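Q: Sharing my_file.cif here; it has mmCIF, C-alpha atoms.
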```cif
data_structure
loop_
_atom_site.label_atom_id
_atom_site.label_comp_id
_atom_site.auth_asym_id
_atom_site.auth_seq_id
_atom_site.Cartn_x
_atom_site.Cartn_y
_atom_site.Cartn_z
CA MET I 1 0.00 0.00 0.00
CA ARG I 2 1.68 3.18 -1.19
CA ASN I 3 -0.94 5.80 -0.23
CA LEU I 4 -0.13 6.90 3.32
CA PHE I 5 -3.54 8.53 3.85
CA ALA I 6 -5.06 5.06 3.69
CA VAL I 7 -2.47 3.85 6.21
CA ALA I 8 -3.40 6.72 8.56
CA VAL I 9 -7.10 5.83 8.32
CA LEU I 10 -6.33 2.13 8.83
CA SER I 11 -4.24 2.87 11.93
CA SER I 12 -7.11 4.97 13.27
CA ILE I 13 -9.54 2.09 12.72
CA TYR I 14 -7.08 -0.32 14.36
CA SER I 15 -6.76 1.99 17.35
CA PHE I 16 -10.53 2.22 17.69
CA MET I 17 -10.79 -1.59 17.60
CA MET I 18 -8.11 -1.79 20.29
CA ALA I 19 -10.17 0.63 22.39
CA SER I 20 -13.11 -1.78 22.06
CA VAL I 21 -10.90 -4.73 23.03
CA VAL I 22 -9.63 -2.88 26.10
CA LEU I 23 -13.21 -1.98 27.02
CA VAL I 24 -14.13 -5.69 26.86
CA LEU I 25 -11.17 -6.35 29.20
CA ASP I 26 -12.90 -4.06 31.80
CA ALA I 27 -10.52 -1.11 31.54
CA PRO I 28 -12.80 1.78 30.48
CA ASP I 29 -10.24 4.45 31.39
CA VAL I 30 -7.63 2.91 29.08
CA ALA I 31 -10.33 2.64 26.39
CA LEU I 32 -11.14 6.35 26.81
CA THR I 33 -7.48 7.24 26.39
CA GLU I 34 -6.98 4.94 23.40
CA ALA I 35 -10.07 6.29 21.64
CA ALA I 36 -9.19 9.95 22.30
CA VAL I 37 -5.42 9.80 21.80
CA GLY I 38 -4.88 6.86 19.44
CA ALA I 39 -7.90 7.06 17.19
CA GLY I 40 -8.49 10.81 17.44
CA VAL I 41 -5.50 13.05 18.08
CA GLY I 42 -2.92 10.53 16.82
CA THR I 43 -4.62 10.29 13.43
CA VAL I 44 -4.85 14.07 13.19
CA LEU I 45 -1.12 14.34 13.92
CA ILE I 46 -0.25 11.64 11.35
CA VAL I 47 -2.29 13.46 8.71
CA GLY I 48 -0.60 16.70 9.79
CA ALA I 49 2.79 15.04 9.32
CA LEU I 50 1.69 13.81 5.87
CA TYR I 51 0.73 17.38 4.97
CA LEU I 52 4.25 18.48 5.93
CA THR I 53 5.96 15.74 3.93
CA LYS I 54 4.53 13.56 1.15
CA THR I 55 1.35 11.50 0.94
CA ASP I 56 2.92 8.66 -1.03
CA GLU I 57 5.45 6.21 0.30
CA SER I 58 8.78 6.40 -1.51
CA PRO I 59 9.95 3.19 -3.23
CA PRO I 60 11.88 0.84 -0.92
CA ILE I 61 15.68 1.04 -1.01
CA HIS I 62 16.17 -2.53 0.25
CA GLY I 63 14.83 -5.76 -1.18
CA MET I 64 12.29 -7.90 0.60
CA PHE I 65 14.88 -10.02 2.40
CA LEU I 66 16.43 -7.59 4.94
CA PRO I 67 13.12 -6.16 6.28
CA LEU I 68 11.78 -9.71 6.54
CA VAL I 69 14.77 -10.77 8.65
CA VAL I 70 14.42 -7.70 10.88
CA ALA I 71 10.67 -8.27 11.37
CA ALA I 72 11.08 -12.00 12.03
CA GLY I 73 13.97 -11.35 14.45
CA THR I 74 11.96 -8.75 16.38
CA ALA I 75 8.97 -11.08 16.52
CA ALA I 76 11.17 -13.93 17.80
CA ALA I 77 12.67 -11.67 20.50
CA LEU I 78 9.22 -10.49 21.60
CA LEU I 79 7.84 -14.04 21.70
CA PHE I 80 10.85 -15.13 23.74
CA GLY I 81 10.15 -12.28 26.18
CA VAL I 82 6.44 -13.11 26.39
CA SER I 83 7.24 -16.76 27.18
CA ASP I 84 8.81 -15.59 30.45
CA THR I 85 5.81 -13.56 31.70
CA PRO I 86 3.38 -15.10 34.21
CA PRO I 87 0.22 -16.66 32.71
CA PHE I 88 -2.57 -14.20 31.90
CA GLY I 89 -5.08 -13.92 34.76
CA ASP I 90 -3.26 -16.34 37.07
CA PRO I 91 -4.29 -15.56 40.70
CA SER I 92 -0.70 -15.92 41.92
CA ASN I 93 0.56 -13.12 39.62
CA PRO I 94 2.00 -10.18 41.54
CA VAL I 95 -0.55 -7.93 39.80
CA THR I 96 -3.56 -9.99 40.85
CA ALA I 97 -2.13 -10.88 44.28
CA LEU I 98 -1.69 -7.23 45.31
CA GLY I 99 -5.13 -6.16 44.06
CA PRO I 100 -7.25 -7.17 47.07
CA ASP I 101 -4.89 -5.26 49.39
CA TYR I 102 -5.43 -2.00 47.47
CA ILE I 103 -9.18 -2.67 47.21
CA ALA I 104 -9.40 -3.16 50.99
CA ARG I 105 -7.27 -0.10 51.79
CA SER I 106 -8.58 2.41 49.25
CA ILE I 107 -11.79 3.64 50.92
CA PRO I 108 -10.58 3.72 54.56
CA GLU I 109 -7.26 5.37 53.67
CA THR I 110 -8.14 7.70 50.80
CA GLY I 111 -11.96 7.86 50.66
CA ILE I 112 -11.82 7.18 46.90
CA PRO I 113 -14.10 4.35 45.69
CA ASN I 114 -12.37 4.06 42.29
CA VAL I 115 -9.28 2.03 43.16
CA VAL I 116 -7.66 2.80 39.78
CA SER I 117 -7.70 6.50 40.62
CA SER I 118 -6.39 6.05 44.16
CA VAL I 119 -3.57 3.75 43.00
CA LEU I 120 -2.60 6.09 40.15
CA ALA I 121 -2.73 9.36 42.01
CA SER I 122 -1.93 8.36 45.59
CA TYR I 123 -0.29 4.97 46.14
CA ARG I 124 1.80 5.27 43.00
CA GLY I 125 1.83 9.06 42.78
CA PHE I 126 5.53 9.04 41.99
CA ASP I 127 4.92 6.90 38.88
CA THR I 128 2.24 9.28 37.68
CA LEU I 129 4.55 12.25 38.27
CA GLY I 130 7.07 10.49 36.04
CA GLU I 131 4.40 9.93 33.37
CA THR I 132 3.42 13.58 33.47
CA VAL I 133 7.06 14.58 33.07
CA VAL I 134 7.31 12.18 30.09
CA ILE I 135 4.34 13.92 28.41
CA PHE I 136 5.87 17.30 29.22
CA THR I 137 9.20 16.18 27.73
CA ALA I 138 7.50 14.86 24.58
CA GLY I 139 5.67 18.16 24.11
CA ILE I 140 8.83 20.22 24.60
CA ALA I 141 10.77 17.98 22.19
CA VAL I 142 8.14 18.36 19.44
CA LEU I 143 8.05 22.11 20.00
CA MET I 144 11.85 22.30 19.73
CA LEU I 145 11.84 20.29 16.49
CA LEU I 146 8.83 21.74 14.70
CA LYS I 147 7.99 25.18 16.01
CA ARG I 148 9.06 28.04 13.83
CA SER I 149 10.86 30.78 15.67
CA PRO I 150 9.51 34.31 15.08
CA ALA I 151 12.94 35.43 13.82
CA ARG I 152 12.97 32.79 11.09
CA ARG I 153 9.39 33.63 10.13
CA ARG I 154 10.40 37.22 9.43
CA GLY I 155 13.40 36.02 7.48
CA ASP I 156 11.91 33.70 4.87
CA GLY I 157 8.53 35.34 4.17
CA ASP I 158 6.34 32.63 5.71
CA LYS I 159 3.27 31.60 3.72
CA GLY I 160 1.56 29.21 6.12
CA GLY I 161 0.74 29.59 9.78
CA MET Z 1 -20.81 29.52 0.27
CA ARG Z 2 -18.69 27.18 2.32
CA LEU Z 3 -19.25 23.48 1.68
CA ASP Z 4 -18.50 22.38 5.25
CA LEU Z 5 -21.75 23.73 6.73
CA ILE Z 6 -22.73 20.34 8.17
CA LEU Z 7 -19.33 19.94 9.84
CA ARG Z 8 -19.53 23.42 11.32
CA VAL Z 9 -23.03 23.00 12.74
CA ALA Z 10 -22.29 19.49 14.04
CA THR Z 11 -19.07 20.70 15.69
CA LYS Z 12 -20.89 23.58 17.35
CA LEU Z 13 -23.44 21.10 18.70
CA ILE Z 14 -20.90 18.50 19.86
CA LEU Z 15 -18.15 20.71 21.25
CA PRO Z 16 -19.87 21.96 24.45
CA PHE Z 17 -20.77 18.40 25.37
CA MET Z 18 -17.20 17.22 24.67
CA LEU Z 19 -15.75 19.86 26.98
CA LEU Z 20 -18.41 19.17 29.61
CA PHE Z 21 -17.62 15.46 29.36
CA ALA Z 22 -13.94 16.28 29.92
CA VAL Z 23 -14.86 18.18 33.09
CA TYR Z 24 -17.07 15.26 34.18
CA VAL Z 25 -14.30 12.69 33.57
CA GLN Z 26 -11.90 14.93 35.50
CA LEU Z 27 -14.07 15.61 38.54
CA HIS Z 28 -15.83 12.23 38.63
CA GLY Z 29 -12.56 10.30 38.31
CA ASP Z 30 -12.73 9.40 42.01
CA TYR Z 31 -15.99 7.49 41.44
CA GLY Z 32 -16.06 6.42 37.79
CA ALA Z 33 -13.70 5.66 34.97
CA GLY Z 34 -11.19 8.31 34.09
CA GLY Z 35 -9.00 10.93 35.66
CA GLY Z 36 -6.65 13.71 34.68
CA PHE Z 37 -5.06 11.98 31.69
CA GLN Z 38 -8.35 10.94 30.08
CA ALA Z 39 -9.99 14.31 30.73
CA GLY Z 40 -6.95 16.13 29.35
CA ALA Z 41 -6.99 13.98 26.21
CA ILE Z 42 -10.70 14.70 25.65
CA ALA Z 43 -10.33 18.44 26.25
CA GLY Z 44 -7.28 18.63 23.98
CA ALA Z 45 -9.12 16.66 21.29
CA GLY Z 46 -12.05 19.10 21.58
CA ILE Z 47 -9.81 22.11 20.94
CA ILE Z 48 -8.11 20.27 18.06
CA LEU Z 49 -11.54 19.48 16.55
CA TYR Z 50 -12.43 23.17 16.76
CA ALA Z 51 -9.16 24.07 15.03
CA LEU Z 52 -9.77 21.48 12.29
CA VAL Z 53 -13.24 22.76 11.45
CA PHE Z 54 -12.97 26.50 12.05
CA GLY Z 55 -9.33 27.00 11.13
CA LEU Z 56 -6.10 27.45 13.02
CA ALA Z 57 -6.47 31.22 13.31
CA ALA Z 58 -9.86 30.93 15.07
CA ALA Z 59 -8.48 28.34 17.51
CA ARG Z 60 -5.43 30.50 18.21
CA ARG Z 61 -7.71 33.42 19.08
CA ILE Z 62 -9.47 31.30 21.72
CA VAL Z 63 -6.43 29.34 22.95
CA PRO Z 64 -3.32 31.41 22.22
CA PRO Z 65 -0.07 29.43 21.69
CA ALA Z 66 1.66 31.47 24.41
CA LEU Z 67 -1.00 30.33 26.91
CA VAL Z 68 -0.61 26.70 25.81
CA GLU Z 69 3.15 26.82 26.16
CA THR Z 70 2.75 28.25 29.66
CA LEU Z 71 0.28 25.55 30.68
CA VAL Z 72 2.52 22.62 29.57
CA PRO Z 73 5.08 23.15 32.37
CA LEU Z 74 2.45 24.56 34.78
CA GLY Z 75 0.80 21.15 35.19
CA VAL Z 76 4.09 19.45 36.04
CA PHE Z 77 4.82 22.32 38.42
CA ILE Z 78 1.47 21.87 40.23
CA TYR Z 79 2.13 18.12 40.56
CA ALA Z 80 5.64 18.61 41.90
CA ALA Z 81 4.46 21.42 44.19
CA VAL Z 82 1.92 19.06 45.78
CA GLY Z 83 4.85 16.76 46.50
CA VAL Z 84 6.77 19.61 48.13
CA ALA Z 85 3.63 20.52 50.11
CA GLY Z 86 3.79 16.97 51.47
CA TRP Z 87 7.30 17.74 52.71
CA LEU Z 88 6.32 21.07 54.23
CA THR Z 89 3.38 19.55 56.12
CA GLY Z 90 5.65 16.97 57.71
CA GLY Z 91 5.33 13.91 55.47
CA ASN Z 92 7.23 12.32 52.61
CA TYR Z 93 7.32 13.65 49.06
CA LEU Z 94 3.81 13.23 47.53
CA GLU Z 95 2.34 12.16 50.87
CA TYR Z 96 -1.09 13.74 51.07
CA ASN Z 97 -2.08 12.67 54.59
CA HIS Z 98 -1.22 15.98 56.25
CA LEU Z 99 -2.61 18.33 53.58
CA ALA Z 100 -5.92 18.73 55.48
CA HIS Z 101 -7.24 18.25 59.00
CA ASP Z 102 -7.52 14.47 58.66
CA PRO Z 103 -5.72 11.95 56.41
CA VAL Z 104 -8.73 11.05 54.23
CA HIS Z 105 -9.44 14.72 53.44
CA GLY Z 106 -5.75 15.24 52.82
CA GLN Z 107 -5.74 12.35 50.34
CA GLU Z 108 -8.74 13.80 48.52
CA TRP Z 109 -7.08 17.21 48.26
CA GLY Z 110 -3.82 15.67 47.10
CA VAL Z 111 -5.47 13.48 44.46
CA PHE Z 112 -7.60 16.40 43.23
CA LEU Z 113 -4.61 18.72 42.83
CA VAL Z 114 -2.41 16.05 41.26
CA GLU Z 115 -5.12 15.14 38.75
CA LEU Z 116 -5.53 18.83 37.97
CA GLY Z 117 -1.81 19.04 37.19
CA VAL Z 118 -2.01 15.99 34.92
CA PHE Z 119 -5.07 17.48 33.15
CA ILE Z 120 -3.33 20.80 32.49
CA THR Z 121 -0.14 19.23 31.14
CA VAL Z 122 -1.87 16.60 28.97
CA SER Z 123 -4.41 18.92 27.37
CA ALA Z 124 -1.88 21.69 26.80
CA THR Z 125 0.72 19.28 25.36
CA MET Z 126 -1.81 17.88 22.86
CA VAL Z 127 -2.76 21.35 21.65
CA ALA Z 128 0.90 22.47 21.61
CA ILE Z 129 1.95 19.50 19.45
CA PHE Z 130 -1.01 20.12 17.13
CA TYR Z 131 -0.10 23.81 16.80
CA ALA Z 132 3.53 22.87 16.11
CA PHE Z 133 2.49 20.43 13.36
CA THR Z 134 -0.09 22.64 11.65
CA GLY Z 135 1.60 26.00 12.10
CA ARG Z 136 4.43 25.17 9.70
CA GLY Z 137 2.96 25.12 6.23
CA ARG Z 138 4.43 22.91 3.55
CA SER Z 139 8.19 22.77 3.48
CA ARG Z 140 8.42 22.21 -0.26
#
```
Show me the file's structure as structure tokens.
A:
Amino acid sequence: MRNLFAVAVLSSIYSFMMASVVLVLDAPDVALTEAAVGAGVGTVLIVGALYLTKTDESPPIHGMFLPLVVAAGTAAALLFGVSDTPPFGDPSNPVTALGPDYIARSIPETGIPNVVSSVLASYRGFDTLGETVVIFTAGIAVLMLLKRSPARRRGDGDKGG
Amino acid sequence: MRLDLILRVATKLILPFMLLFAVYVQLHGDYGAGGGFQAGAIAGAGIILYALVFGLAAARRIVPPALVETLVPLGVFIYAAVGVAGWLTGGNYLEYNHLAHDPVHGQEWGVFLVELGVFITVSATMVAIFYAFTGRGRSR
């Protein structure tokens, strides 16, 4: 598929399907994020990037063999990693084993019935601070790369923006 | 006559409810699904939708880029300041227990402020990235 607009739309559809899958797995907050960020804003940004560059994929510079090896190697590494994770939904997993403790402690300690919120913002507040800093860093990095400085705008007689 | 009349009218109808839903997800995060990140994503997407339909200039009049670029670090600052407030009230960093007269109220205050910081940074970062992408014009 050479037309990258179609790829952008397909990735948006894929993201929306993933949001539905996550919703079926009882994580509505993740589904909200995936639908808003992945299917919505992400697609807008991909289309924006296509507007800045080209809408057609350039012809490949390698043959089929090298990308195939890279893809197969990555898949093998990922499968090897997955084989070491605990079984999905096993009650002895650390994730499932710690759950009842948080559920029992959340209301008496924080007064917040939604355990996801109390874990995110209170018990693991440091993690969430790190996540917020990551988003901040991503935003600053994009601004540094893409934002036009006012001095340059005066210089080259800007047409857009 | 503009051909995007349907888009404009539909956006005007949808947008208030989108922003209200963002506020609901933010403030109701203690009881239902969602929190600062989700609400920030929805609010940022609402502003981006407005910019897509009504043009970048109209969006920049309502949400100026200078304001957005101030809000991106402000959210992180609020979050980190809540952590320092935990220190100053005699606890660990990001410990909310002493922020109010009893630990449960302190936790609620801490979570509320922290989620507010996340909301500000997430929504502002989305809009800032969108402005950076669309404010450039074609390079060729």
Q: I need the residue set behind the PyMOL selection byres ((chain I) within 7 of (chain Z)) for this file; please write it as number ranges by chain.
A: I: 28-29, 32-33, 36-37, 41, 45, 48-49, 51-52, 109-114, 117, 121-122, 125, 129, 132-133, 135-136, 139, 142-143, 146-148, 159-161
Q: Please determine, counting all atoms listed in the file, which residue among I:Ala35, I:Val24, I:Leu50, I:Ala19 has the shortest atom-to-atom distance to Ala6 in chain I.
A: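 The shortest atom-to-atom distance to Ala6 in chain I comes from I:Leu50.
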Q: Between CA of Pro108 in chain I and CA of Asp26 in chain I, what distance in Å does the model show, to one decimal?
A: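 Between these atoms lies a distance of 24.2 Å.
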Q: Mind pulling up the distance from CA of Gly130 in chain I to CA of Leu78 in chain I?
A: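 If I compute the distance from CA of Leu78 in chain I to CA of Gly130 in chain I, I get 25.6 Å.
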Q: When you draw a straight line from CA of Val115 in chain I to CA of Asp90 in chain I, how long is it in Å?
A: 20.3 Å
Q: Taking only C-alpha atoms into account, which of Z:Val63, Z:Ile14, Z:Ala85, Z:Tyr50 comes nearest Ala100 in chain Z?
A: Z:Ala85
Q: Determine, counting only C-alpha atoms, which protein, DNA and RNA residues have an atom within 9 Å of an atom of Glu57 in chain I; residues of the same chain fewer than 3 positions away are not included. Present the result as a PyMOL selection string.
A: chain I and resi 1-4+54+60
Q: Which residue out of Z:Leu116, Z:Leu99, Z:Val53, Z:Leu27 has the minimum interatomic distance to Leu71 in chain Z when only C-alpha atoms are used?
A: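 Counting only C-alpha atoms, the residue closest to Leu71 in chain Z is Z:Leu116.
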Q: Save range 111-135 of chain Z of the structure in the block above to a file, with C-alpha atoms included, as a PDB file, in the first residue's frame.
A:
```
ATOM      1  CA  VAL Z 111      -5.469  13.478  44.463  1.00  0.00           C
ATOM      2  CA  PHE Z 112      -7.599  16.397  43.234  1.00  0.00           C
ATOM      3  CA  LEU Z 113      -4.608  18.725  42.826  1.00  0.00           C
ATOM      4  CA  VAL Z 114      -2.414  16.048  41.264  1.00  0.00           C
ATOM      5  CA  GLU Z 115      -5.118  15.139  38.745  1.00  0.00           C
ATOM      6  CA  LEU Z 116      -5.529  18.833  37.968  1.00  0.00           C
ATOM      7  CA  GLY Z 117      -1.815  19.045  37.195  1.00  0.00           C
ATOM      8  CA  VAL Z 118      -2.015  15.991  34.922  1.00  0.00           C
ATOM      9  CA  PHE Z 119      -5.068  17.481  33.152  1.00  0.00           C
ATOM     10  CA  ILE Z 120      -3.330  20.799  32.490  1.00  0.00           C
ATOM     11  CA  THR Z 121      -0.141  19.233  31.141  1.00  0.00           C
ATOM     12  CA  VAL Z 122      -1.872  16.596  28.974  1.00  0.00           C
ATOM     13  CA  SER Z 123      -4.411  18.915  27.369  1.00  0.00           C
ATOM     14  CA  ALA Z 124      -1.876  21.694  26.798  1.00  0.00           C
ATOM     15  CA  THR Z 125       0.721  19.285  25.355  1.00  0.00           C
ATOM     16  CA  MET Z 126      -1.808  17.881  22.858  1.00  0.00           C
ATOM     17  CA  VAL Z 127      -2.760  21.346  21.652  1.00  0.00           C
ATOM     18  CA  ALA Z 128       0.901  22.470  21.607  1.00  0.00           C
ATOM     19  CA  ILE Z 129       1.949  19.496  19.454  1.00  0.00           C
ATOM     20  CA  PHE Z 130      -1.011  20.118  17.131  1.00  0.00           C
ATOM     21  CA  TYR Z 131      -0.103  23.811  16.798  1.00  0.00           C
ATOM     22  CA  ALA Z 132       3.526  22.868  16.108  1.00  0.00           C
ATOM     23  CA  PHE Z 133       2.492  20.435  13.357  1.00  0.00           C
ATOM     24  CA  THR Z 134      -0.093  22.638  11.652  1.00  0.00           C
ATOM     25  CA  GLY Z 135       1.599  26.001  12.097  1.00  0.00           C
TER      26      GLY Z 135
END
```
